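Chemist: Contents of run-v9.txt (compact mmCIF, C-alpha atoms):
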# COMPACT_ATOMS: atom_id res chain seq x y z
CA MET A 1 -195.69 8.77 15.57
CA LEU A 2 -192.63 7.25 13.95
CA LEU A 3 -192.99 3.58 13.02
CA VAL A 4 -189.66 1.75 12.83
CA LEU A 5 -190.25 -0.99 10.24
CA CYS A 6 -187.71 -3.82 10.03
CA VAL A 7 -188.08 -5.47 6.62
CA ASP A 8 -187.32 -9.19 6.09
CA LEU A 9 -188.33 -9.75 2.46
CA ASP A 10 -187.50 -13.48 2.27
CA ASP A 11 -189.15 -14.31 5.62
CA ASP A 12 -186.08 -15.67 7.39
CA LEU A 13 -187.75 -14.87 10.70
CA GLY A 14 -190.87 -16.91 10.01
CA ARG A 15 -189.09 -19.81 8.31
CA LYS A 16 -186.32 -20.23 10.87
CA THR A 17 -188.10 -19.44 14.14
CA GLY A 18 -191.79 -20.15 13.51
CA PHE A 19 -192.82 -16.64 14.62
CA SER A 20 -196.06 -15.41 13.09
CA THR A 21 -195.66 -12.03 11.46
CA PRO A 22 -195.96 -9.12 11.61
CA VAL A 23 -194.27 -8.78 15.00
CA ILE A 24 -195.35 -5.58 16.75
CA GLY A 25 -194.05 -4.00 19.95
CA ARG A 26 -190.70 -3.67 21.69
CA GLU A 27 -190.88 -6.85 23.76
CA ASP A 28 -192.20 -9.08 20.98
CA VAL A 29 -189.66 -7.75 18.48
CA GLU A 30 -186.81 -8.36 20.94
CA GLU A 31 -188.03 -11.91 21.53
CA ALA A 32 -188.16 -12.50 17.78
CA ALA A 33 -184.66 -11.06 17.33
CA VAL A 34 -183.21 -13.34 20.01
CA ALA A 35 -184.98 -16.35 18.48
CA LEU A 36 -183.60 -15.59 15.02
CA ALA A 37 -180.10 -14.99 16.36
CA THR A 38 -180.28 -18.33 18.18
CA ALA A 39 -181.54 -20.17 15.11
CA ASP A 40 -179.05 -18.62 12.67
CA PRO A 41 -176.44 -16.23 14.09
CA GLU A 42 -175.04 -15.53 10.61
CA ASP A 43 -178.34 -14.24 9.17
CA SER A 44 -178.06 -10.55 8.29
CA ASP A 45 -181.71 -9.99 9.26
CA VAL A 46 -180.65 -10.46 12.90
CA ASN A 47 -178.73 -7.19 12.63
CA VAL A 48 -181.72 -5.52 10.99
CA VAL A 49 -184.06 -6.37 13.86
CA PHE A 50 -181.54 -5.36 16.55
CA GLN A 51 -180.89 -2.12 14.67
CA GLY A 52 -184.63 -1.44 14.74
CA LEU A 53 -184.66 -2.03 18.49
CA HIS A 54 -181.68 0.32 18.90
CA ILE A 55 -183.44 3.08 16.98
CA TYR A 56 -186.61 2.53 19.01
CA ASP A 57 -184.76 2.75 22.34
CA ASP A 58 -182.89 5.87 21.24
CA LEU A 59 -186.06 7.70 20.21
CA ASP A 60 -188.04 6.44 23.18
CA SER A 61 -185.36 7.81 25.55
CA ARG A 62 -186.04 11.25 24.04
CA ASP A 63 -189.76 10.89 24.85
CA GLU A 64 -190.70 10.70 21.19
CA SER A 65 -193.77 8.80 20.04
CA VAL A 66 -192.35 5.67 18.42
CA GLU A 67 -193.25 2.05 17.70
CA VAL A 68 -191.25 -0.83 16.24
CA ALA A 69 -192.43 -3.74 14.10
CA VAL A 70 -191.06 -6.48 11.86
CA VAL A 71 -192.74 -7.25 8.53
CA THR A 72 -191.81 -10.14 6.27
CA GLY A 73 -192.42 -11.33 2.73
CA LEU A 74 -192.01 -14.74 1.10
CA GLU A 75 -189.02 -16.73 -0.05
CA GLY A 76 -188.33 -17.00 -3.79
CA SER A 77 -191.08 -14.77 -5.25
CA ASP A 78 -190.56 -11.00 -5.50
CA VAL A 79 -194.15 -10.17 -6.48
CA LYS A 80 -195.82 -12.32 -3.82
CA ALA A 81 -193.23 -11.22 -1.26
CA ASN A 82 -193.96 -7.53 -1.92
CA ARG A 83 -197.70 -8.15 -1.65
CA LYS A 84 -197.28 -9.94 1.67
CA VAL A 85 -195.14 -7.07 3.01
CA GLY A 86 -197.87 -4.65 1.98
CA ASP A 87 -200.54 -6.72 3.75
CA GLU A 88 -198.44 -6.90 6.93
CA VAL A 89 -197.84 -3.15 6.87
CA ASP A 90 -201.62 -2.69 6.70
CA THR A 91 -201.95 -4.96 9.73
CA VAL A 92 -199.35 -2.97 11.65
CA LEU A 93 -200.98 0.37 10.85
CA ALA A 94 -204.39 -0.96 11.86
CA SER A 95 -202.98 -2.08 15.23
CA LEU A 96 -201.60 1.35 16.15
CA THR A 97 -203.86 3.11 18.65
CA THR A 98 -202.88 6.71 18.10
CA GLY A 99 -204.51 9.78 16.75
CA GLU A 100 -201.19 11.13 15.49
CA ASP A 101 -200.01 11.03 11.90
CA VAL A 102 -197.78 8.02 11.33
CA THR A 103 -194.56 8.05 9.34
CA ALA A 104 -192.16 5.17 8.81
CA LEU A 105 -188.42 4.59 9.04
CA LEU A 106 -187.37 1.47 7.15
CA VAL A 107 -184.51 -0.70 8.37
CA THR A 108 -183.08 -3.13 5.80
CA ASP A 109 -179.91 -5.09 5.05
CA GLY A 110 -179.59 -4.33 1.35
CA ALA A 111 -181.03 -3.23 -1.97
CA GLN A 112 -183.23 -6.32 -2.35
CA ASP A 113 -185.28 -5.53 0.77
CA GLU A 114 -185.45 -1.87 -0.32
CA SER A 115 -187.44 -2.93 -3.40
CA VAL A 116 -190.54 -2.79 -1.19
CA VAL A 117 -190.17 0.95 -0.59
CA PRO A 118 -192.85 1.87 -3.19
CA ILE A 119 -195.24 -0.70 -1.64
CA ILE A 120 -194.80 0.77 1.85
CA ARG A 121 -194.83 4.39 0.63
CA SER A 122 -198.28 3.79 -0.89
CA ARG A 123 -199.55 3.07 2.64
CA VAL A 124 -197.56 5.36 4.92
CA PRO A 125 -195.12 8.28 4.41
CA ILE A 126 -191.48 7.24 4.70
CA ASP A 127 -189.06 9.48 6.59
CA GLY A 128 -185.98 7.50 5.64
CA VAL A 129 -184.29 4.17 4.97
CA ARG A 130 -181.55 2.83 7.23
CA ARG A 131 -179.35 0.15 5.68
CA VAL A 132 -177.52 -2.02 8.21
CA VAL A 133 -173.85 -2.70 7.39
CA VAL A 134 -171.80 -4.88 9.74
CA ARG A 135 -168.48 -3.17 10.52
CA GLN A 136 -166.60 -6.42 10.90
CA ALA A 137 -167.14 -7.11 7.19
CA GLN A 138 -164.55 -4.46 6.43
CA ASN A 139 -161.64 -6.06 8.23
CA LEU A 140 -159.27 -8.89 7.42
CA GLU A 141 -160.92 -11.36 9.75
CA SER A 142 -164.22 -11.09 7.93
CA MET A 143 -162.48 -11.40 4.56
CA TYR A 144 -160.80 -14.61 5.70
CA TYR A 145 -164.08 -15.95 7.04
CA THR A 146 -165.92 -15.06 3.83
CA MET A 147 -163.31 -16.75 1.66
CA LYS A 148 -163.45 -19.81 3.89
CA GLN A 149 -167.22 -19.97 3.58
CA VAL A 150 -167.09 -19.53 -0.22
CA LEU A 151 -164.51 -22.26 -0.66
CA ALA A 152 -166.52 -24.58 1.57
CA ASP A 153 -169.46 -24.39 -0.83
CA PRO A 154 -169.01 -27.10 -3.53
CA GLU A 155 -170.87 -25.14 -6.23
CA THR A 156 -168.98 -21.90 -5.63
CA ARG A 157 -165.70 -23.76 -5.28
CA GLY A 158 -166.16 -25.38 -8.67
CA THR A 159 -167.19 -22.12 -10.29
CA VAL A 160 -164.21 -20.12 -8.98
CA LEU A 161 -161.32 -22.55 -8.61
CA ILE A 162 -161.64 -24.60 -11.81
CA PRO A 163 -161.16 -21.65 -14.24
CA ILE A 164 -158.30 -20.31 -12.12
CA GLY A 165 -156.68 -23.75 -12.07
CA ILE A 166 -156.96 -24.10 -15.85
CA LEU A 167 -155.39 -20.67 -16.36
CA LEU A 168 -152.52 -21.55 -14.03
CA LEU A 169 -151.88 -24.68 -16.12
CA VAL A 170 -151.21 -22.62 -19.25
CA TYR A 171 -147.56 -21.85 -18.42
CA PRO A 172 -146.44 -25.33 -17.27
CA LEU A 173 -148.23 -26.96 -20.23
CA ALA A 174 -146.53 -24.51 -22.59
CA LEU A 175 -143.14 -25.46 -21.12
CA LEU A 176 -144.02 -29.13 -21.49
CA GLY A 177 -145.12 -28.58 -25.06
CA SER A 178 -141.90 -26.77 -25.93
CA LEU A 179 -139.94 -29.86 -24.86
CA PHE A 180 -141.83 -31.91 -27.47
CA ASN A 181 -141.94 -29.07 -30.01
CA LEU A 182 -145.71 -28.80 -29.56
CA PRO A 183 -146.26 -25.49 -27.70
CA GLY A 184 -149.25 -24.54 -29.86
CA LEU A 185 -151.02 -27.82 -29.14
CA MET A 186 -150.64 -27.44 -25.38
CA LEU A 187 -151.95 -23.87 -25.45
CA GLY A 188 -154.84 -24.96 -27.66
CA VAL A 189 -155.78 -27.80 -25.32
CA THR A 190 -155.72 -25.49 -22.30
CA SER A 191 -157.75 -22.85 -24.08
CA ALA A 192 -160.24 -25.49 -25.24
CA LEU A 193 -160.65 -26.82 -21.68
CA LEU A 194 -161.30 -23.34 -20.33
CA GLY A 195 -163.68 -22.51 -23.16
CA LEU A 196 -165.64 -25.75 -22.77
CA TYR A 197 -165.92 -25.22 -19.04
CA LEU A 198 -167.21 -21.64 -19.41
CA ILE A 199 -169.68 -22.68 -22.11
CA SER A 200 -170.96 -25.55 -19.99
CA ARG A 201 -171.43 -23.23 -17.02
CA GLY A 202 -173.09 -20.59 -19.17
CA LEU A 203 -175.54 -23.05 -20.75
CA GLY A 204 -176.12 -24.97 -17.54
CA LEU A 205 -174.82 -28.20 -19.06
CA GLY A 206 -173.38 -29.26 -15.73
CA GLU A 207 -176.86 -29.54 -14.24
CA HIS A 208 -178.06 -31.61 -17.19
CA LEU A 209 -175.02 -33.85 -16.88
CA ASP A 210 -175.68 -34.32 -13.17
CA GLU A 211 -179.31 -35.18 -13.91
CA SER A 212 -178.25 -37.70 -16.57
CA VAL A 213 -175.80 -39.36 -14.20
CA GLU A 214 -178.48 -39.51 -11.51
CA ARG A 215 -180.97 -41.09 -13.94
CA LEU A 216 -178.30 -43.60 -14.97
CA ARG A 217 -177.63 -44.45 -11.32
CA LEU A 218 -181.33 -44.91 -10.60
CA SER A 219 -181.72 -47.06 -13.70
CA LEU A 220 -178.90 -49.31 -12.52
CA TYR A 221 -180.42 -49.71 -9.07
CA ALA A 222 -183.95 -50.15 -10.44
CA GLY A 223 -182.88 -52.89 -12.86
CA ARG A 224 -184.30 -51.17 -15.94
CA MET A 225 -183.97 -53.14 -19.16
CA THR A 226 -183.90 -49.89 -21.15
CA LEU A 227 -180.36 -49.18 -19.97
CA ILE A 228 -179.06 -52.52 -21.25
CA ALA A 229 -181.06 -52.11 -24.46
CA TYR A 230 -179.50 -48.69 -25.11
CA VAL A 231 -175.99 -50.04 -24.61
CA VAL A 232 -176.65 -52.94 -27.01
CA ALA A 233 -178.34 -50.58 -29.49
CA ALA A 234 -175.38 -48.19 -29.42
CA THR A 235 -173.04 -51.11 -30.17
CA LEU A 236 -175.26 -52.22 -33.04
CA MET A 237 -175.34 -48.67 -34.43
CA VAL A 238 -171.54 -48.55 -34.42
CA LEU A 239 -171.38 -51.89 -36.21
CA GLY A 240 -173.96 -50.64 -38.68
CA GLY A 241 -171.91 -47.52 -39.39
CA VAL A 242 -168.79 -49.59 -39.99
CA SER A 243 -170.70 -51.97 -42.26
CA GLY A 244 -172.18 -49.04 -44.17
CA LEU A 245 -168.75 -47.49 -44.72
CA ASP A 246 -167.41 -50.84 -45.96
CA THR A 247 -170.29 -51.07 -48.40
CA ILE A 248 -169.60 -47.54 -49.66
CA GLU A 249 -165.97 -48.44 -50.28
CA THR A 250 -166.95 -51.61 -52.14
CA VAL A 251 -169.52 -49.83 -54.31
CA GLN A 252 -167.13 -46.99 -55.16
CA ASP A 253 -164.47 -49.51 -56.20
CA GLU A 254 -167.00 -51.24 -58.45
CA THR A 255 -169.00 -48.40 -59.99
CA GLY A 256 -167.91 -45.05 -58.56
CA GLY A 257 -171.21 -43.17 -58.35
CA GLY A 258 -172.41 -39.87 -56.93
CA VAL A 259 -174.05 -38.81 -53.72
CA PRO A 260 -177.30 -40.82 -54.20
CA VAL A 261 -175.33 -44.02 -54.79
CA VAL A 262 -173.13 -43.36 -51.74
CA LEU A 263 -176.22 -42.82 -49.55
CA ALA A 264 -177.87 -45.94 -50.96
CA ALA A 265 -174.70 -47.97 -50.27
CA PHE A 266 -174.52 -46.77 -46.69
CA VAL A 267 -178.18 -47.60 -46.07
CA TYR A 268 -177.85 -50.99 -47.78
CA GLY A 269 -174.86 -51.96 -45.65
CA SER A 270 -176.12 -50.65 -42.31
CA ILE A 271 -179.90 -50.98 -42.32
CA GLN A 272 -180.01 -54.46 -40.80
CA TRP A 273 -177.84 -53.32 -37.88
CA ILE A 274 -179.85 -50.13 -37.39
CA ALA A 275 -183.08 -52.14 -37.49
CA ALA A 276 -181.71 -54.52 -34.87
CA ALA A 277 -180.82 -51.53 -32.68
CA GLY A 278 -184.34 -50.12 -33.06
CA ILE A 279 -185.94 -53.46 -32.20
CA THR A 280 -183.65 -53.83 -29.16
CA THR A 281 -184.52 -50.42 -27.72
CA SER A 282 -188.25 -50.86 -28.35
CA LEU A 283 -188.25 -54.29 -26.68
CA GLY A 284 -186.35 -52.87 -23.70
CA GLN A 285 -188.88 -50.06 -23.35
CA ILE A 286 -191.79 -52.49 -23.65
CA THR A 287 -190.27 -54.70 -20.95
CA ASP A 288 -189.89 -51.76 -18.54
CA GLU A 289 -193.44 -50.58 -19.22
CA TYR A 290 -194.75 -54.08 -18.54
CA ILE A 291 -192.81 -54.36 -15.27
CA ALA A 292 -194.07 -50.92 -14.22
CA GLY A 293 -197.65 -51.98 -14.99
CA SER A 294 -198.19 -49.18 -17.52
CA LEU A 295 -197.89 -51.19 -20.75
CA GLU A 296 -200.44 -50.43 -23.46
CA LEU A 297 -200.93 -52.73 -26.42
CA ARG A 298 -200.19 -49.98 -28.93
CA TYR A 299 -196.60 -49.92 -27.63
CA LEU A 300 -196.13 -53.36 -29.23
CA ASN A 301 -196.37 -51.72 -32.65
CA ALA A 302 -192.85 -50.31 -32.33
CA PRO A 303 -190.84 -53.44 -33.31
CA PHE A 304 -193.12 -54.08 -36.29
CA TYR A 305 -192.79 -50.48 -37.47
CA VAL A 306 -189.00 -50.79 -37.28
CA ILE A 307 -189.07 -54.01 -39.33
CA ALA A 308 -191.41 -52.46 -41.90
CA MET A 309 -189.21 -49.39 -42.36
CA ALA A 310 -186.09 -51.56 -42.58
CA ILE A 311 -187.67 -53.68 -45.33
CA VAL A 312 -188.60 -50.59 -47.34
CA LEU A 313 -185.21 -48.90 -46.96
CA HIS A 314 -183.34 -52.10 -47.81
CA ALA A 315 -185.38 -52.58 -50.98
CA VAL A 316 -184.98 -48.94 -52.10
CA SER A 317 -181.23 -48.91 -51.48
CA ALA A 318 -180.79 -52.28 -53.24
CA PHE A 319 -182.73 -50.98 -56.23
CA PHE A 320 -180.47 -47.89 -56.44
CA LEU A 321 -177.40 -50.14 -56.38
CA ASP A 322 -178.83 -52.44 -59.10
CA ARG A 323 -178.83 -55.33 -56.66
CA ALA A 324 -182.59 -55.83 -56.86
CA GLY A 325 -185.17 -55.42 -59.55
CA ILE A 326 -188.58 -53.78 -59.68
CA PRO A 327 -190.46 -56.94 -58.54
CA TYR A 328 -188.45 -57.10 -55.32
CA LEU A 329 -188.90 -53.36 -54.75
CA ALA A 330 -192.66 -53.57 -55.29
CA THR A 331 -192.94 -56.61 -53.04
CA ALA A 332 -190.91 -54.98 -50.27
CA LEU A 333 -192.88 -51.72 -50.41
CA THR A 334 -196.18 -53.58 -50.34
CA GLY A 335 -195.05 -55.96 -47.60
CA GLY A 336 -193.68 -53.19 -45.40
CA THR A 337 -196.86 -51.16 -45.76
CA LEU A 338 -199.10 -54.14 -45.04
CA LEU A 339 -196.99 -55.11 -42.02
CA GLY A 340 -197.45 -51.64 -40.53
CA ILE A 341 -201.19 -51.57 -41.25
CA VAL A 342 -201.84 -55.08 -39.96
CA SER A 343 -199.82 -54.40 -36.79
CA THR A 344 -201.67 -51.15 -36.12
CA LEU A 345 -205.13 -52.62 -36.69
CA THR A 346 -204.39 -55.79 -34.72
CA PHE A 347 -203.25 -54.06 -31.58
CA ALA A 348 -205.89 -51.32 -31.89
CA VAL A 349 -208.67 -53.90 -32.11
CA ALA A 350 -207.18 -55.95 -29.28
CA GLU A 351 -206.89 -52.85 -27.07
CA SER A 352 -210.48 -51.86 -27.90
CA ARG A 353 -211.77 -55.33 -27.03
CA LEU A 354 -209.87 -55.36 -23.74
CA ALA A 355 -211.21 -51.93 -22.81
CA GLU A 356 -214.75 -53.00 -23.67
CA GLY A 357 -214.36 -56.15 -21.59
CA SER A 358 -213.10 -54.10 -18.65
CA ARG A 359 -216.11 -51.77 -18.87
CA ARG A 360 -218.50 -54.71 -18.93
CA ALA A 361 -216.79 -56.26 -15.93
CA GLU A 362 -217.07 -53.01 -14.00
CA GLY A 363 -220.74 -52.69 -14.98
CA ALA A 364 -221.48 -56.19 -13.78
Could you write out this structure as structure tokens?
Modeler:
Amino acid sequence: MLLVLCVDLDDDLGRKTGFSTPVIGREDVEEAAVALATADPEDSDVNVVFQGLHIYDDLDSRDESVEVAVVTGLEGSDVKANRKVGDEVDTVLASLTTGEDVTALLVTDGAQDESVVPIIRSRVPIDGVRRVVVRQAQNLESMYYTMKQVLADPETRGTVLIPIGILLLVYPLALLGSLFNLPGLMLGVTSALLGLYLISRGLGLGEHLDESVERLRLSLYAGRMTLIAYVVAATLMVLGGVSGLDTIETVQDETGGGVPVVLAAFVYGSIQWIAAAGITTSLGQITDEYIAGSLELRYLNAPFYVIAMAIVLHAVSAFFLDRAGIPYLATALTGGTLLGIVSTLTFAVAESRLAEGSRRAEGA
């Protein structure tokens, strides 16, 4: 007996029609083919199943012993899909009531489905593999339709058309640059745009950018304080950088100095702004955690840690610039350390007491 096996590795039949697989027998296979064609006429597996029926009818008309069946895998997992195909082939073979030796003829729509050949060969000898190719795909009408479908897909459209568009801009931008005696700049800008686009596509940065924009949108609609805190903190960081650069310029005019003095001047001029930015972001995060009902007392340590580090860095940088003596440095180091320790112990003890009180309340 020849078993005509139609292979649907990604289970389009089951997902789109609800048919349980494997499908065995001429009438059941025809019903499944019609259902799949009705659900998705463009699915290539429709042609596979009808091709299997055609082969069955041709062999049956010659009075040959033949049976037809459809086996499917799973979507998105090659290993699990192959295993499922193997299990369904076992089911088909077990259902055949014949004393004859059984061989198989596989009908597929491409190389991906043919990856199951070793799985099926381990269960039944294979006489051949028939790959279904739609003739219409070779003519101009199909080419037009395919291009129309590709350009209708936003992801494919962006991948194909944007690089082509950038390349087509090279010549007009070069002409524009020649009018202003800047042809090299225009070519460089165009090349940079194309390069950045290809790098972003290669590294998947577009997806990360889309995710960031979506998180930003959700934060706006959810009223998250963290978003406002980050904006304020970014502004404070910029102000801190400007203040630090001004301090560097002042110190260099006064004393000159090497790299350690320059670093100390930058820290001395910017640390208060950076500390304010850190406190702002931590308070925004604490507010959001409290609103969400997931605030833990240890989170309240963050502003105190920021203040402690700012005190220490300010004292060290002032000492390097000869704007503070050893007593101030020692006091600042001790005070910053004690502030961090006291904050940690206070909130740890408070959290422990609250947890103990909750356990007692539950026990009562």
Chemist: Give me, as a Markdown table, each residue of stretch 66-87 of chain A that comes within 10 Å of stretch 102-108 of chain A, together with its shortest interatomic pair and the distance in Å at one decimal, counting only C-alpha atoms, with rows ordered by chain and rising residue number.
Modeler:
| residue | atom | partner | partner_atom | distance |
| --- | --- | --- | --- | --- |
| A:Val66 | CA | A:Val102 | CA | 9.2 |
| A:Glu67 | CA | A:Ala104 | CA | 9.5 |
| A:Val68 | CA | A:Leu105 | CA | 9.4 |
| A:Val70 | CA | A:Val107 | CA | 9.4 |
Chemist: Between atom CA of A:Ala174 and atom CA of A:Ala192, what distance in Å does the model show, to one decimal?
Modeler: 14.0 Å
Chemist: Interatomic distance between atom CA of A:Ile24 and atom CA of A:Glu42?
Modeler: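 One can read the atom CA of A:Ile24 to atom CA of A:Glu42 distance as 23.4 Å.
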Chemist: Which distance in Å separates atom CA of A:Gly177 and atom CA of A:Ser191, to one decimal?
Modeler: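 These atoms are spaced 13.9 Å apart.
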Chemist: Need the shell around A:Gly14: protein/DNA/RNA residues with any atom at most 10 Å away, counting all atoms listed in the file. Skip same-chain ones fewer than 2 positions apart. Format as a PyMOL selection string?
Modeler: chain A and resi 8+10-12+16-22+32+36+71-74
Chemist: Please list as a PDB file with C-alpha atoms, in the coordinates of the input every residue within 12 Å of A:Arg121, counting all atoms listed in the file and excluding residues in the same chain fewer than 4 positions away.
Modeler:
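Output (result25.pdb):
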ATOM      1  CA  LEU A   5    -190.250  -0.990  10.240  1.00  0.00           C
ATOM      2  CA  VAL A  85    -195.140  -7.070   3.010  1.00  0.00           C
ATOM      3  CA  GLY A  86    -197.870  -4.650   1.980  1.00  0.00           C
ATOM      4  CA  VAL A  89    -197.840  -3.150   6.870  1.00  0.00           C
ATOM      5  CA  ASP A  90    -201.620  -2.690   6.700  1.00  0.00           C
ATOM      6  CA  VAL A 102    -197.780   8.020  11.330  1.00  0.00           C
ATOM      7  CA  THR A 103    -194.560   8.050   9.340  1.00  0.00           C
ATOM      8  CA  ALA A 104    -192.160   5.170   8.810  1.00  0.00           C
ATOM      9  CA  LEU A 105    -188.420   4.590   9.040  1.00  0.00           C
ATOM     10  CA  LEU A 106    -187.370   1.470   7.150  1.00  0.00           C
ATOM     11  CA  GLU A 114    -185.450  -1.870  -0.320  1.00  0.00           C
ATOM     12  CA  SER A 115    -187.440  -2.930  -3.400  1.00  0.00           C
ATOM     13  CA  VAL A 116    -190.540  -2.790  -1.190  1.00  0.00           C
ATOM     14  CA  VAL A 117    -190.170   0.950  -0.590  1.00  0.00           C
ATOM     15  CA  PRO A 125    -195.120   8.280   4.410  1.00  0.00           C
ATOM     16  CA  ILE A 126    -191.480   7.240   4.700  1.00  0.00           C
ATOM     17  CA  ASP A 127    -189.060   9.480   6.590  1.00  0.00           C
ATOM     18  CA  GLY A 128    -185.980   7.500   5.640  1.00  0.00           C
ATOM     19  CA  VAL A 129    -184.290   4.170   4.970  1.00  0.00           C
TER      20      VAL A 129
END
Chemist: Have a look at A:Ile55, A:Ala275, A:Met237, A:Leu227 and name the one nearest to A:His314; count only C-alpha atoms.
Modeler: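 Ranking A:Ile55, A:Ala275, A:Met237, A:Leu227 by distance to A:His314, first place goes to A:Ala275.
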Chemist: Write out as an NGL selection string each polymer residue whose atoms come within 12 Å of stretch 260-267 of chain A, counting only C-alpha atoms; drop sequence neighbours fewer than 6 positions from it.
Modeler: :A and (240-254 or 273-275 or 309-323)
Chemist: Pick out the residues sitting within 12 Å of A:Tyr290, and hand them over as a count of residues only; count all atoms listed in the file, and ignore anything fewer than 3 positions along from it in its own chain.
Modeler: 15
Chemist: Can you fill out stretch 21-27 of chain A with all heavy atoms and hand it back as a short mmCIF file (atom, residue, chain, number, x, y, z; two decimals), in the coordinates of the input?
Modeler:
data_model
loop_
_atom_site.label_atom_id
_atom_site.label_comp_id
_atom_site.auth_asym_id
_atom_site.auth_seq_id
_atom_site.Cartn_x
_atom_site.Cartn_y
_atom_site.Cartn_z
N THR A 21 -195.94 -13.44 11.75
CA THR A 21 -195.66 -12.03 11.46
C THR A 21 -196.93 -11.35 10.98
O THR A 21 -197.85 -12.01 10.47
CB THR A 21 -194.56 -11.94 10.39
OG1 THR A 21 -194.94 -12.66 9.23
CG2 THR A 21 -193.24 -12.50 10.91
N PRO A 22 -197.01 -10.02 11.11
CA PRO A 22 -195.96 -9.12 11.61
C PRO A 22 -195.79 -9.22 13.13
O PRO A 22 -196.70 -9.61 13.84
CB PRO A 22 -196.47 -7.74 11.20
CG PRO A 22 -197.96 -7.90 11.20
CD PRO A 22 -198.23 -9.29 10.70
N VAL A 23 -194.58 -8.84 13.58
CA VAL A 23 -194.27 -8.78 15.00
C VAL A 23 -194.30 -7.31 15.41
O VAL A 23 -193.59 -6.48 14.84
CB VAL A 23 -192.90 -9.40 15.31
CG1 VAL A 23 -192.64 -9.37 16.81
CG2 VAL A 23 -192.81 -10.81 14.76
N ILE A 24 -195.12 -6.98 16.38
CA ILE A 24 -195.35 -5.58 16.75
C ILE A 24 -195.05 -5.38 18.23
O ILE A 24 -195.46 -6.20 19.06
CB ILE A 24 -196.81 -5.16 16.45
CG1 ILE A 24 -197.18 -5.50 14.99
CG2 ILE A 24 -197.02 -3.68 16.71
CD1 ILE A 24 -198.65 -5.34 14.70
N GLY A 25 -194.33 -4.31 18.55
CA GLY A 25 -194.05 -4.00 19.95
C GLY A 25 -192.64 -4.34 20.36
O GLY A 25 -192.04 -5.29 19.87
N ARG A 26 -192.11 -3.54 21.28
CA ARG A 26 -190.70 -3.67 21.69
C ARG A 26 -190.37 -5.05 22.24
O ARG A 26 -189.40 -5.68 21.84
CB ARG A 26 -190.41 -2.59 22.75
CG ARG A 26 -189.06 -2.61 23.46
CD ARG A 26 -187.91 -2.56 22.55
NE ARG A 26 -186.63 -2.32 23.16
CZ ARG A 26 -185.82 -3.25 23.67
NH1 ARG A 26 -186.20 -4.52 23.72
NH2 ARG A 26 -184.63 -2.92 24.10
N GLU A 27 -191.18 -5.57 23.12
CA GLU A 27 -190.88 -6.85 23.76
C GLU A 27 -190.98 -8.01 22.76
O GLU A 27 -190.12 -8.89 22.74
CB GLU A 27 -191.83 -7.07 24.95
CG GLU A 27 -191.62 -6.09 26.09
CD GLU A 27 -192.54 -6.38 27.26
OE1 GLU A 27 -193.34 -7.35 27.15
OE2 GLU A 27 -192.46 -5.66 28.27
#
